[in-house]
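J.: This is structure35.cif, which holds mmCIF, C-alpha atoms and all ligand atoms:
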```
data_query
loop_
_atom_site.label_atom_id
_atom_site.label_comp_id
_atom_site.auth_asym_id
_atom_site.auth_seq_id
_atom_site.Cartn_x
_atom_site.Cartn_y
_atom_site.Cartn_z
CA MET A 1 -286.94 -165.93 129.12
CA ILE A 2 -289.36 -166.49 126.27
CA PHE A 3 -289.70 -165.51 122.65
CA ASP A 4 -292.86 -163.52 122.01
CA LEU A 5 -292.26 -163.02 118.33
CA LEU A 6 -289.77 -164.27 115.74
CA LYS A 7 -289.08 -162.84 112.29
CA ILE A 8 -286.70 -164.77 110.10
CA ASN A 9 -285.34 -163.82 106.68
CA ASN A 10 -283.07 -165.81 104.39
CA VAL A 11 -282.06 -168.56 106.79
CA ARG A 12 -281.69 -171.70 104.62
CA ASN A 13 -285.07 -172.22 102.93
CA ILE A 14 -286.88 -169.79 105.24
CA SER A 15 -287.29 -166.65 103.11
CA ASP A 16 -289.65 -164.70 105.28
CA ALA A 17 -291.27 -166.16 108.40
CA TYR A 18 -293.31 -164.45 111.11
CA ILE A 19 -293.94 -166.68 114.10
CA GLU A 20 -295.81 -165.90 117.32
CA PRO A 21 -294.81 -168.67 119.67
CA ASN A 22 -296.61 -169.88 122.76
CA ALA A 23 -294.92 -169.06 126.10
CA PHE A 24 -294.89 -172.76 126.86
CA LEU A 25 -294.82 -175.49 124.24
CA ASN A 26 -294.33 -175.04 120.52
CA ILE A 27 -294.50 -178.07 118.29
CA VAL A 28 -293.23 -177.72 114.76
CA ILE A 29 -294.33 -180.47 112.40
CA GLY A 30 -293.21 -180.87 108.83
CA PRO A 31 -291.82 -183.35 106.32
CA ASN A 32 -288.10 -183.87 105.76
CA ALA A 33 -286.25 -180.84 104.41
CA SER A 34 -289.16 -178.48 105.14
CA GLY A 35 -287.20 -176.09 107.40
CA LYS A 36 -287.65 -177.44 110.95
CA THR A 37 -283.97 -177.48 111.86
CA ALA A 38 -283.55 -174.18 110.03
CA LEU A 39 -285.98 -172.57 112.50
CA LEU A 40 -283.93 -173.76 115.48
CA GLU A 41 -280.79 -172.70 113.65
CA ALA A 42 -282.23 -169.19 113.27
CA ILE A 43 -282.94 -168.99 117.01
CA HIS A 44 -279.43 -170.25 117.74
CA LEU A 45 -277.98 -167.65 115.36
CA LEU A 46 -279.74 -164.88 117.22
CA ALA A 47 -278.29 -166.05 120.55
CA ARG A 48 -274.80 -167.12 119.53
CA ALA A 49 -274.21 -165.54 116.12
CA LYS A 50 -273.50 -168.95 114.64
CA SER A 51 -275.21 -172.11 113.57
CA PHE A 52 -274.95 -175.40 115.45
CA ARG A 53 -274.70 -177.29 112.15
CA THR A 54 -271.86 -175.53 110.36
CA PRO A 55 -269.10 -173.08 111.19
CA ARG A 56 -269.60 -171.42 107.77
CA ILE A 57 -272.24 -168.72 107.54
CA LYS A 58 -272.24 -169.19 103.76
CA ASP A 59 -274.05 -172.51 104.27
CA VAL A 60 -276.83 -170.85 106.26
CA ILE A 61 -277.56 -167.70 104.28
CA GLN A 62 -280.17 -168.47 101.64
CA TYR A 63 -278.71 -169.22 98.20
CA ASN A 64 -278.27 -166.07 96.11
CA LYS A 65 -278.98 -163.80 99.09
CA LYS A 66 -276.48 -161.40 100.59
CA GLU A 67 -277.54 -161.55 104.21
CA LEU A 68 -279.79 -163.20 106.73
CA GLN A 69 -281.80 -161.57 109.45
CA VAL A 70 -283.40 -162.87 112.64
CA VAL A 71 -285.40 -160.45 114.79
CA ALA A 72 -287.27 -161.26 117.99
CA ASP A 73 -289.29 -159.78 120.79
CA ILE A 74 -288.31 -161.51 123.98
CA LYS A 75 -289.72 -161.34 127.49
CA ASN A 76 -287.61 -161.87 130.57
CA HIS A 77 -288.85 -162.91 134.00
CA GLN A 78 -289.70 -159.31 134.82
CA LYS A 79 -292.03 -159.46 131.79
CA ALA A 80 -290.24 -156.60 130.07
CA VAL A 81 -290.48 -156.88 126.27
CA ILE A 82 -287.12 -156.38 124.60
CA SER A 83 -286.43 -156.32 120.90
CA THR A 84 -283.29 -157.99 119.63
CA GLY A 85 -281.92 -158.94 116.25
CA ILE A 86 -279.02 -160.15 114.17
CA GLU A 87 -278.00 -159.38 110.62
CA LYS A 88 -275.29 -161.49 109.15
CA SER A 89 -273.72 -161.20 105.72
CA HIS A 90 -270.66 -162.97 104.36
CA GLY A 91 -268.34 -160.47 105.97
CA SER A 92 -270.13 -158.83 108.85
CA THR A 93 -272.30 -159.45 111.89
CA LEU A 94 -274.55 -156.87 113.51
CA VAL A 95 -276.33 -157.69 116.75
CA ARG A 96 -278.77 -155.40 118.53
CA TYR A 97 -280.32 -155.80 121.95
CA ASN A 98 -282.82 -153.30 123.29
CA SER A 99 -281.88 -150.82 120.53
CA MET A 100 -278.19 -150.98 121.45
CA PRO A 101 -275.44 -152.63 119.40
CA VAL A 102 -274.00 -155.70 121.12
CA LYS A 103 -270.22 -155.76 120.91
CA THR A 104 -269.39 -159.17 122.28
CA ILE A 105 -271.34 -162.24 121.35
CA SER A 106 -270.93 -163.66 124.86
CA ASN A 107 -273.17 -160.82 126.10
CA GLN A 108 -275.84 -161.78 123.62
CA ALA A 109 -275.51 -165.46 124.61
CA ASN A 110 -276.18 -164.32 128.17
CA ASN A 111 -279.20 -162.31 127.06
CA ILE A 112 -280.68 -165.34 125.29
CA PRO A 113 -279.89 -168.52 127.20
CA LEU A 114 -280.66 -171.64 125.16
CA VAL A 115 -280.42 -175.35 125.74
CA LEU A 116 -280.31 -177.38 122.54
CA ILE A 117 -280.97 -181.06 121.92
CA THR A 118 -280.36 -182.51 118.47
CA PRO A 119 -280.03 -186.07 117.16
CA ASP A 120 -276.26 -185.59 117.72
CA SER A 121 -276.61 -184.79 121.41
CA HIS A 122 -275.83 -188.41 122.35
CA GLN A 123 -272.23 -187.35 121.68
CA LEU A 124 -272.21 -185.77 125.11
CA VAL A 125 -272.00 -189.38 126.30
CA THR A 126 -270.45 -191.23 123.37
CA GLY A 127 -268.20 -188.48 122.01
CA SER A 128 -264.75 -187.22 122.94
CA PRO A 129 -263.71 -185.48 126.18
CA LYS A 130 -263.31 -182.35 124.07
CA GLN A 131 -267.03 -182.37 123.24
CA ARG A 132 -267.93 -182.77 126.91
CA ARG A 133 -265.55 -179.97 127.90
CA HIS A 134 -267.09 -177.73 125.28
CA TRP A 135 -270.54 -178.38 126.72
CA LEU A 136 -269.29 -177.90 130.29
CA ASP A 137 -267.63 -174.60 129.38
CA TRP A 138 -270.81 -173.25 127.81
CA ALA A 139 -272.99 -174.44 130.67
CA MET A 140 -270.62 -172.86 133.21
CA PHE A 141 -270.21 -169.67 131.29
CA HIS A 142 -273.98 -169.19 131.63
CA VAL A 143 -274.06 -169.68 135.39
CA GLU A 144 -270.75 -168.28 136.59
CA GLN A 145 -269.86 -164.70 135.70
CA THR A 146 -266.12 -165.04 136.33
CA TYR A 147 -265.74 -168.34 134.50
CA LEU A 148 -264.83 -166.93 131.09
CA ARG A 149 -262.13 -164.69 132.60
CA ASP A 150 -260.47 -167.59 134.45
CA TRP A 151 -260.85 -169.86 131.45
CA LYS A 152 -259.08 -167.32 129.24
CA ALA A 153 -256.32 -166.76 131.81
CA TYR A 154 -255.69 -170.50 132.04
CA HIS A 155 -255.56 -170.98 128.27
CA LYS A 156 -253.26 -168.03 127.79
CA ALA A 157 -250.79 -169.48 130.30
CA LEU A 158 -251.13 -172.92 128.71
CA ARG A 159 -250.45 -171.55 125.21
CA ASN A 160 -247.37 -169.79 126.49
CA ARG A 161 -246.07 -172.83 128.35
CA ASN A 162 -246.47 -174.84 125.13
CA ILE A 163 -244.59 -172.22 123.11
CA VAL A 164 -241.72 -172.20 125.59
CA LEU A 165 -241.67 -176.01 125.65
CA LYS A 166 -241.44 -176.16 121.86
CA ASN A 167 -238.79 -173.46 121.64
CA GLY A 168 -236.56 -175.14 124.21
CA GLY A 169 -236.97 -172.36 126.79
CA ASN A 170 -235.37 -172.69 130.20
CA ASN A 171 -236.99 -174.07 133.34
CA GLN A 172 -237.50 -170.67 134.84
CA GLN A 173 -239.55 -169.50 131.85
CA ILE A 174 -241.60 -172.68 131.92
CA SER A 175 -242.21 -172.53 135.64
CA SER A 176 -243.43 -168.94 135.52
CA TRP A 177 -246.19 -170.00 133.12
CA GLU A 178 -246.88 -173.03 135.28
CA SER A 179 -247.61 -170.85 138.25
CA CYS A 180 -250.12 -168.82 136.15
CA MET A 181 -251.73 -172.10 135.05
CA LEU A 182 -251.89 -173.24 138.64
CA ASP A 183 -253.74 -170.15 139.86
CA SER A 184 -256.49 -170.38 137.24
CA ALA A 185 -256.65 -174.19 137.32
CA GLU A 186 -257.56 -174.07 140.99
CA VAL A 187 -260.37 -171.62 140.34
CA LEU A 188 -261.66 -173.58 137.34
CA ASN A 189 -261.59 -176.82 139.31
CA THR A 190 -263.56 -175.41 142.19
CA LEU A 191 -266.16 -173.84 139.90
CA ARG A 192 -266.47 -176.94 137.75
CA ARG A 193 -266.80 -179.23 140.74
CA GLU A 194 -269.48 -177.05 142.29
CA PHE A 195 -271.36 -176.98 139.02
CA ILE A 196 -271.26 -180.77 138.61
CA GLU A 197 -272.60 -181.12 142.15
CA LYS A 198 -275.50 -178.79 141.47
CA LEU A 199 -276.16 -180.54 138.17
CA SER A 200 -276.19 -183.95 139.91
CA THR A 201 -278.69 -182.71 142.47
CA GLN A 202 -281.02 -181.41 139.76
CA PHE A 203 -280.54 -184.56 137.72
CA SER A 204 -281.49 -186.84 140.62
CA LYS A 205 -284.72 -184.89 141.05
CA LEU A 206 -285.64 -185.48 137.43
CA LEU A 207 -284.73 -189.11 137.21
CA VAL A 208 -287.77 -190.89 138.46
CA ASP A 209 -287.35 -194.54 137.48
CA GLN A 210 -286.69 -193.67 133.86
CA LEU A 211 -283.32 -195.37 133.58
CA PRO A 212 -281.87 -198.46 135.25
CA GLY A 213 -278.88 -198.57 137.61
CA GLU A 214 -277.27 -196.09 139.93
CA ILE A 215 -276.17 -193.09 137.90
CA ARG A 216 -273.24 -190.91 138.95
CA ILE A 217 -271.68 -187.87 137.33
CA VAL A 218 -267.97 -187.77 138.09
CA PHE A 219 -265.65 -184.84 137.44
CA ASP A 220 -262.07 -185.41 136.25
CA SER A 221 -259.92 -182.34 136.75
CA GLY A 222 -257.40 -183.25 134.02
CA TYR A 223 -254.70 -184.43 136.42
CA PRO A 224 -254.72 -187.04 139.19
CA ASP A 225 -256.61 -186.26 142.36
CA LYS A 226 -254.56 -185.63 145.48
CA VAL A 227 -251.41 -184.55 143.65
CA ASP A 228 -250.00 -181.07 143.85
CA PHE A 229 -250.59 -179.65 140.36
CA ALA A 230 -247.48 -177.45 140.44
CA GLU A 231 -245.26 -180.39 141.38
CA TYR A 232 -246.98 -182.62 138.90
CA LEU A 233 -246.36 -180.20 136.03
CA ALA A 234 -242.72 -179.81 137.08
CA GLU A 235 -242.27 -183.60 137.25
CA HIS A 236 -243.60 -183.99 133.69
CA ARG A 237 -241.70 -181.06 132.23
CA GLU A 238 -238.99 -183.07 130.50
CA GLN A 239 -241.41 -185.36 128.76
CA ASP A 240 -243.66 -182.43 127.85
CA ARG A 241 -240.59 -180.81 126.31
CA LYS A 242 -240.04 -183.83 124.05
CA LEU A 243 -243.70 -183.80 122.99
CA GLY A 244 -243.91 -180.03 122.70
CA TYR A 245 -247.17 -179.68 124.60
CA THR A 246 -248.72 -179.93 128.06
CA ARG A 247 -250.32 -183.28 128.74
CA PHE A 248 -252.05 -182.56 132.05
CA GLY A 249 -254.24 -179.79 133.37
CA SER A 250 -257.68 -178.19 133.22
CA HIS A 251 -257.61 -178.32 129.41
CA LYS A 252 -257.86 -182.11 129.77
CA ALA A 253 -260.77 -182.10 132.22
CA ASP A 254 -263.63 -184.50 131.56
CA ILE A 255 -266.94 -185.63 132.95
CA ARG A 256 -267.57 -189.33 133.40
CA PHE A 257 -271.20 -190.41 133.19
CA MET A 258 -271.36 -193.67 135.12
CA VAL A 259 -274.03 -196.27 135.75
CA ASP A 260 -273.09 -198.56 138.64
CA GLU A 261 -269.39 -199.18 137.93
CA ASN A 262 -269.49 -198.72 134.16
CA LYS A 263 -269.46 -195.87 131.72
CA ILE A 264 -272.97 -195.17 130.45
CA ALA A 265 -271.66 -195.15 126.87
CA GLN A 266 -270.63 -198.80 127.26
CA VAL A 267 -273.83 -200.08 128.86
CA TYR A 268 -276.91 -198.15 127.79
CA SER A 269 -278.75 -198.61 124.50
CA ARG A 270 -278.91 -195.73 122.06
CA GLY A 271 -282.45 -194.87 123.18
CA GLN A 272 -281.42 -194.91 126.84
CA ILE A 273 -278.47 -192.65 126.09
CA LYS A 274 -280.76 -190.25 124.35
CA ARG A 275 -283.09 -190.13 127.33
CA PHE A 276 -280.14 -189.73 129.67
CA VAL A 277 -278.77 -186.80 127.69
CA THR A 278 -282.17 -185.11 127.60
CA LEU A 279 -282.40 -185.42 131.38
CA ILE A 280 -278.87 -184.05 131.82
CA LEU A 281 -279.72 -181.05 129.65
CA LEU A 282 -282.95 -180.49 131.58
CA ALA A 283 -280.88 -180.60 134.77
CA GLN A 284 -278.55 -178.05 133.19
CA ALA A 285 -281.52 -175.77 132.46
CA ARG A 286 -282.77 -176.13 136.05
CA THR A 287 -279.32 -175.37 137.45
CA PHE A 288 -279.27 -172.26 135.29
CA GLU A 289 -282.69 -171.26 136.56
CA LEU A 290 -281.71 -171.71 140.23
CA ILE A 291 -278.76 -169.38 139.79
CA ASN A 292 -280.18 -166.81 137.37
CA GLN A 293 -283.92 -166.90 138.19
CA GLU A 294 -284.56 -167.28 134.49
CA LYS A 295 -285.50 -170.32 132.45
CA PRO A 296 -283.47 -170.93 129.28
CA VAL A 297 -285.43 -171.66 126.11
CA PHE A 298 -285.31 -175.34 125.26
CA LEU A 299 -284.85 -176.39 121.61
CA ILE A 300 -285.39 -180.03 120.72
CA ASP A 301 -284.74 -181.03 117.13
CA ASP A 302 -286.27 -184.22 115.73
CA TYR A 303 -287.79 -185.22 119.02
CA GLY A 304 -288.65 -188.88 119.13
CA ALA A 305 -286.24 -190.05 116.45
CA GLU A 306 -284.91 -193.48 117.49
CA LEU A 307 -287.31 -193.80 120.44
CA ASP A 308 -290.25 -196.15 120.89
CA SER A 309 -293.63 -194.72 121.88
CA GLN A 310 -293.20 -195.37 125.62
CA ALA A 311 -289.77 -193.73 125.68
CA ARG A 312 -291.16 -190.77 123.72
CA ALA A 313 -294.02 -190.35 126.18
CA ASP A 314 -291.66 -190.56 129.21
CA LEU A 315 -289.29 -188.08 127.71
CA LEU A 316 -292.02 -185.68 126.80
CA SER A 317 -293.47 -185.72 130.31
CA SER A 318 -290.06 -184.74 131.74
CA VAL A 319 -289.70 -182.00 129.17
CA VAL A 320 -293.20 -180.65 129.71
CA ALA A 321 -292.64 -180.54 133.48
CA TYR A 322 -289.78 -178.11 132.80
CA GLY A 323 -292.29 -175.30 132.46
CA GLY A 324 -290.19 -172.95 130.34
CA GLN A 325 -290.57 -172.18 126.66
CA ILE A 326 -289.89 -175.16 124.47
CA PHE A 327 -289.63 -175.63 120.71
CA ILE A 328 -289.92 -179.23 119.55
CA THR A 329 -289.62 -180.31 115.93
CA SER A 330 -290.87 -183.61 114.59
CA THR A 331 -291.81 -185.13 111.27
CA GLU A 332 -294.94 -186.62 112.78
CA LYS A 333 -297.59 -185.58 115.18
CA ASP A 334 -297.65 -188.66 117.39
CA GLU A 335 -300.13 -189.47 120.16
CA SER A 336 -298.06 -188.11 123.04
CA LEU A 337 -297.82 -184.74 121.31
CA SER A 338 -301.51 -184.59 120.44
CA SER A 339 -302.54 -185.11 124.08
CA LEU A 340 -300.70 -182.03 125.34
CA GLU A 341 -302.48 -178.88 126.40
CA GLU A 342 -301.23 -175.29 126.27
CA ILE A 343 -299.40 -175.86 123.05
CA SER A 344 -299.08 -174.14 119.74
CA MET A 345 -298.67 -176.33 116.73
CA PHE A 346 -297.02 -175.06 113.55
CA HIS A 347 -296.94 -176.79 110.20
CA VAL A 348 -293.94 -176.09 108.09
CA GLU A 349 -293.62 -176.69 104.39
CA ARG A 350 -290.92 -175.30 102.11
CA GLY A 351 -289.84 -172.80 104.74
CA ASN A 352 -293.38 -171.49 105.40
CA PHE A 353 -294.76 -171.73 108.93
CA ASN A 354 -298.49 -171.85 109.62
CA LYS A 355 -300.05 -171.99 113.04
CA VAL A 356 -302.58 -174.80 113.26
CA VAL A 357 -305.88 -173.51 114.57
CA LYS A 358 -307.37 -175.97 117.04
N1 LIG T 401 -278.28 -171.96 102.09
C1 LIG T 401 -279.46 -172.50 101.76
N2 LIG T 401 -280.35 -171.80 101.02
C2 LIG T 401 -281.55 -172.30 100.70
N3 LIG T 401 -281.97 -173.52 101.07
C3 LIG T 401 -281.14 -174.27 101.82
C4 LIG T 401 -279.85 -173.81 102.20
N4 LIG T 401 -279.26 -174.77 102.93
C5 LIG T 401 -280.13 -175.78 103.00
N5 LIG T 401 -281.27 -175.50 102.34
C6 LIG T 401 -282.51 -176.29 102.21
O1 LIG T 401 -283.31 -175.95 103.33
C7 LIG T 401 -284.26 -176.99 103.56
C8 LIG T 401 -284.52 -177.10 105.03
O2 LIG T 401 -283.56 -177.86 105.68
P1 LIG T 401 -283.76 -178.35 107.17
O3 LIG T 401 -284.14 -177.21 108.03
O4 LIG T 401 -282.56 -179.11 107.51
O5 LIG T 401 -285.02 -179.34 107.04
P2 LIG T 401 -285.73 -180.26 108.13
O6 LIG T 401 -285.06 -180.04 109.44
O7 LIG T 401 -287.17 -179.86 108.11
O8 LIG T 401 -285.58 -181.67 107.66
C9 LIG T 401 -283.73 -178.21 102.85
O9 LIG T 401 -284.56 -178.44 101.74
C10 LIG T 401 -282.34 -177.80 102.38
O10 LIG T 401 -282.02 -178.36 101.14
MG MG T 402 -283.98 -181.43 110.56
#
```
Using the file provided, produce a representation of the structure as structure tokens.

T.:
Amino acid sequence: MIFDLLKINNVRNISDAYIEPNAFLNIVIGPNASGKTALLEAIHLLARAKSFRTPRIKDVIQYNKKELQVVADIKNHQKAVISTGIEKSHGSTLVRYNSMPVKTISNQANNIPLVLITPDSHQLVTGSPKQRRHWLDWAMFHVEQTYLRDWKAYHKALRNRNIVLKNGGNNQQISSWESCMLDSAEVLNTLRREFIEKLSTQFSKLLVDQLPGEIRIVFDSGYPDKVDFAEYLAEHREQDRKLGYTRFGSHKADIRFMVDENKIAQVYSRGQIKRFVTLILLAQARTFELINQEKPVFLIDDYGAELDSQARADLLSSVVAYGGQIFITSTEKDESLSSLEEISMFHVERGNFNKVVK
């Protein structure tokens, strides 16, 4: 999928922007606080109805304005041009896709698949299991149609088990929720494991001597391997009762990124982690493409921050080889960017975007 046209109103300092992006690479250059991240935020808003920087829409709508608007023409792999847009005020959200109102945001997220890299993306490696699960859930939601349904079923059963635990319910009540958890946990585990395998395959194709050591991506299901989950839950019931919540299960799943026998977070430098995460997200985009025959749009904010020139050049060559539509923001136009062909360059200043004519 690609963006053919973007119109943005009242997103942060972007009052009124009209951008015709390239189908391939779009480089957005501008000084600090010019509106680079705001552009990516606007694209993210259109796809997910929220920002990646703040949960509060108030922060994103331009000061003294009532609503923001992002409208786009997009092209899918069948080359059909579809118009889509979002209007968001303090109290309401309106999303349209192909002239029809979109009722659930997850449908719109499916219409506009994005992969985002920001200076915070290293948290996929260095952050909490919760952050990794959040990423895994989104990645899986995009490639597996039934995932959201099973995820919801699991969490409903989990919430109910926790309520019964807290209220001192009897074993029969608890065990009935456990069997619901068990059913969906098995499905989630299988789907998650399959996804991690596909991701690892794509990752190993991308990783050509960029990072040292033998890298492995290991899935943790949230309870010990080789135990019967139903029995395991039953065995831990009494202690879960005392705590008032469920300690084991799919809601505690994690992904371990390993190099040789260590966690990547404990061994790699910050720059190496950043390159690793970029490669993982590229592998995610390729996995998506294999399943959906569509390339997600890649958004890279502040590309090159914290990297030396060699690392920047390596990273850029992996990203360029992706072949889908890419938006890269940077404060500087460095050498590796200047040498690229088939690109559009935009200068941004005070929320105004101008295409640089070559
Ligand atoms: N709600 C808002 N209304 C208007 N301007 C805002 C709002 N929120 C932030 N800004 C301003 O928008 C500008 C662009 O921010 P940002 O996109 O983060 O810049 P960049 O990524 O180029 O460094 C900044 O000057 C910031 O102060
Ligand atoms: Mg920024």

J.: Using only C-alpha atoms and all ligand atoms, find each residue with an atom at most 10 Å away from ligand LIG 401 (chain T) and format the answer as a PyMOL selection string.

T.: chain A and resi 10-15+28-42+53+57-65+301-302+329-331+348-351

J.: Can you work out the spacing between atom CA of Met181 of chain A and atom CA of Leu165 of chain A in Å, to one decimal?

T.: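 Going from atom CA of Met181 of chain A over to atom CA of Leu165 of chain A covers 14.3 Å.
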
J.: Check the smallest atom-to-atom distance from each of A:Phe276, A:Phe257, A:Phe52, A:Trp151 to ligand MG 402 (chain T) using only C-alpha atoms and all ligand atoms, then report the winner.

T.: A:Phe52

J.: Residues within 7 Å of Leu199 of chain A, please, as a list in words. Count only C-alpha atoms; anything in the same chain fewer than 3 positions from it doesn't count.

T.: Phe195, Ile196, Gln202, Phe203, Ala283, Gln284 and Thr287 of chain A

J.: From the list A:Asn189, A:Thr201, A:Ser269, A:Ser339, which residue is nearest Asp254 of chain A when using all atoms listed in the file?

T.: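 The answer is A:Asn189, which sits nearest to Asp254 of chain A.
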
J.: Work out how far atom CA of Leu136 of chain A is from atom CA of Ala72 of chain A, in Å to one decimal.

T.: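 Here the two named atoms are 27.4 Å from each other.
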
J.: Counting all atoms listed in the file, which of A:Asn262, A:Leu299, A:Gln131, A:Pro119 gets nearest to ligand MG 402 (chain T)?

T.: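 Under the stated criterion, the closest residue is A:Pro119.
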
J.: Would you please work out which residue, of A:Ser221, A:Lys252, A:Phe24, A:Asp240, is nearest to His134 of chain A when using all atoms listed in the file?

T.: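 Under the stated criterion, the closest residue is A:Lys252.
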
J.: Excluding Ala305 of chain A and its own-chain neighbours fewer than 4 positions away, which residues fall within 12 Å of it when counting all atoms listed in the file? Please give them as a PyMOL selection string.

T.: chain A and resi 117-120+270-271+274-275+300-301+309+311-312+315+328-332+334

J.: May I have the residues within 8 Å of Arg241 of chain A as a list in words, using all atoms listed in the file and disregarding those fewer than 3 positions away in the same chain?

T.: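 Contacts, with the query itself left out: Leu165, Lys166, Gly168, Arg237, Glu238, Gly244 and Tyr245 of chain A.
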
J.: Rank A:Ala153, A:Val208, A:Leu182, A:Ile27 by their smallest atom-to-atom distance to Ser336 of chain A, using all atoms listed in the file, and report the top residue only.

T.: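 Going through A:Ala153, A:Val208, A:Leu182, A:Ile27 one by one, the smallest distance to Ser336 of chain A is for A:Ile27.
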
J.: For Lys198 of chain A, please output as a ChimeraX atom specification all residues within 12 Å (counting all atoms listed in the file; exclusion window: fewer than 5 positions along the same chain).

T.: /A:139-140,143,191-193,203-205,217,280,283-291

J.: I want to know what sits within 10 Å of Asp4 of chain A, based on all atoms listed in the file, with residues of the same chain fewer than 6 positions away left out; could you give that as a list in words?

T.: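 Those residues are Ile19, Glu20, Pro21, Asn22, Ala23, Ala72, Asp73, Ile74, Lys75, Val81, Ile82 and Ser83 of chain A.
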
J.: May I ask which of the residues A:Ile215, A:Ala253, A:Met1, A:Leu68 is the closest one to Ala17 of chain A, counting only C-alpha atoms?

T.: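 Distance minimum relative to Ala17 of chain A lands on A:Leu68.
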
J.: Atom CA of Pro101 of chain A and atom CA of Gly324 of chain A are how many Å apart?

T.: 27.4 Å
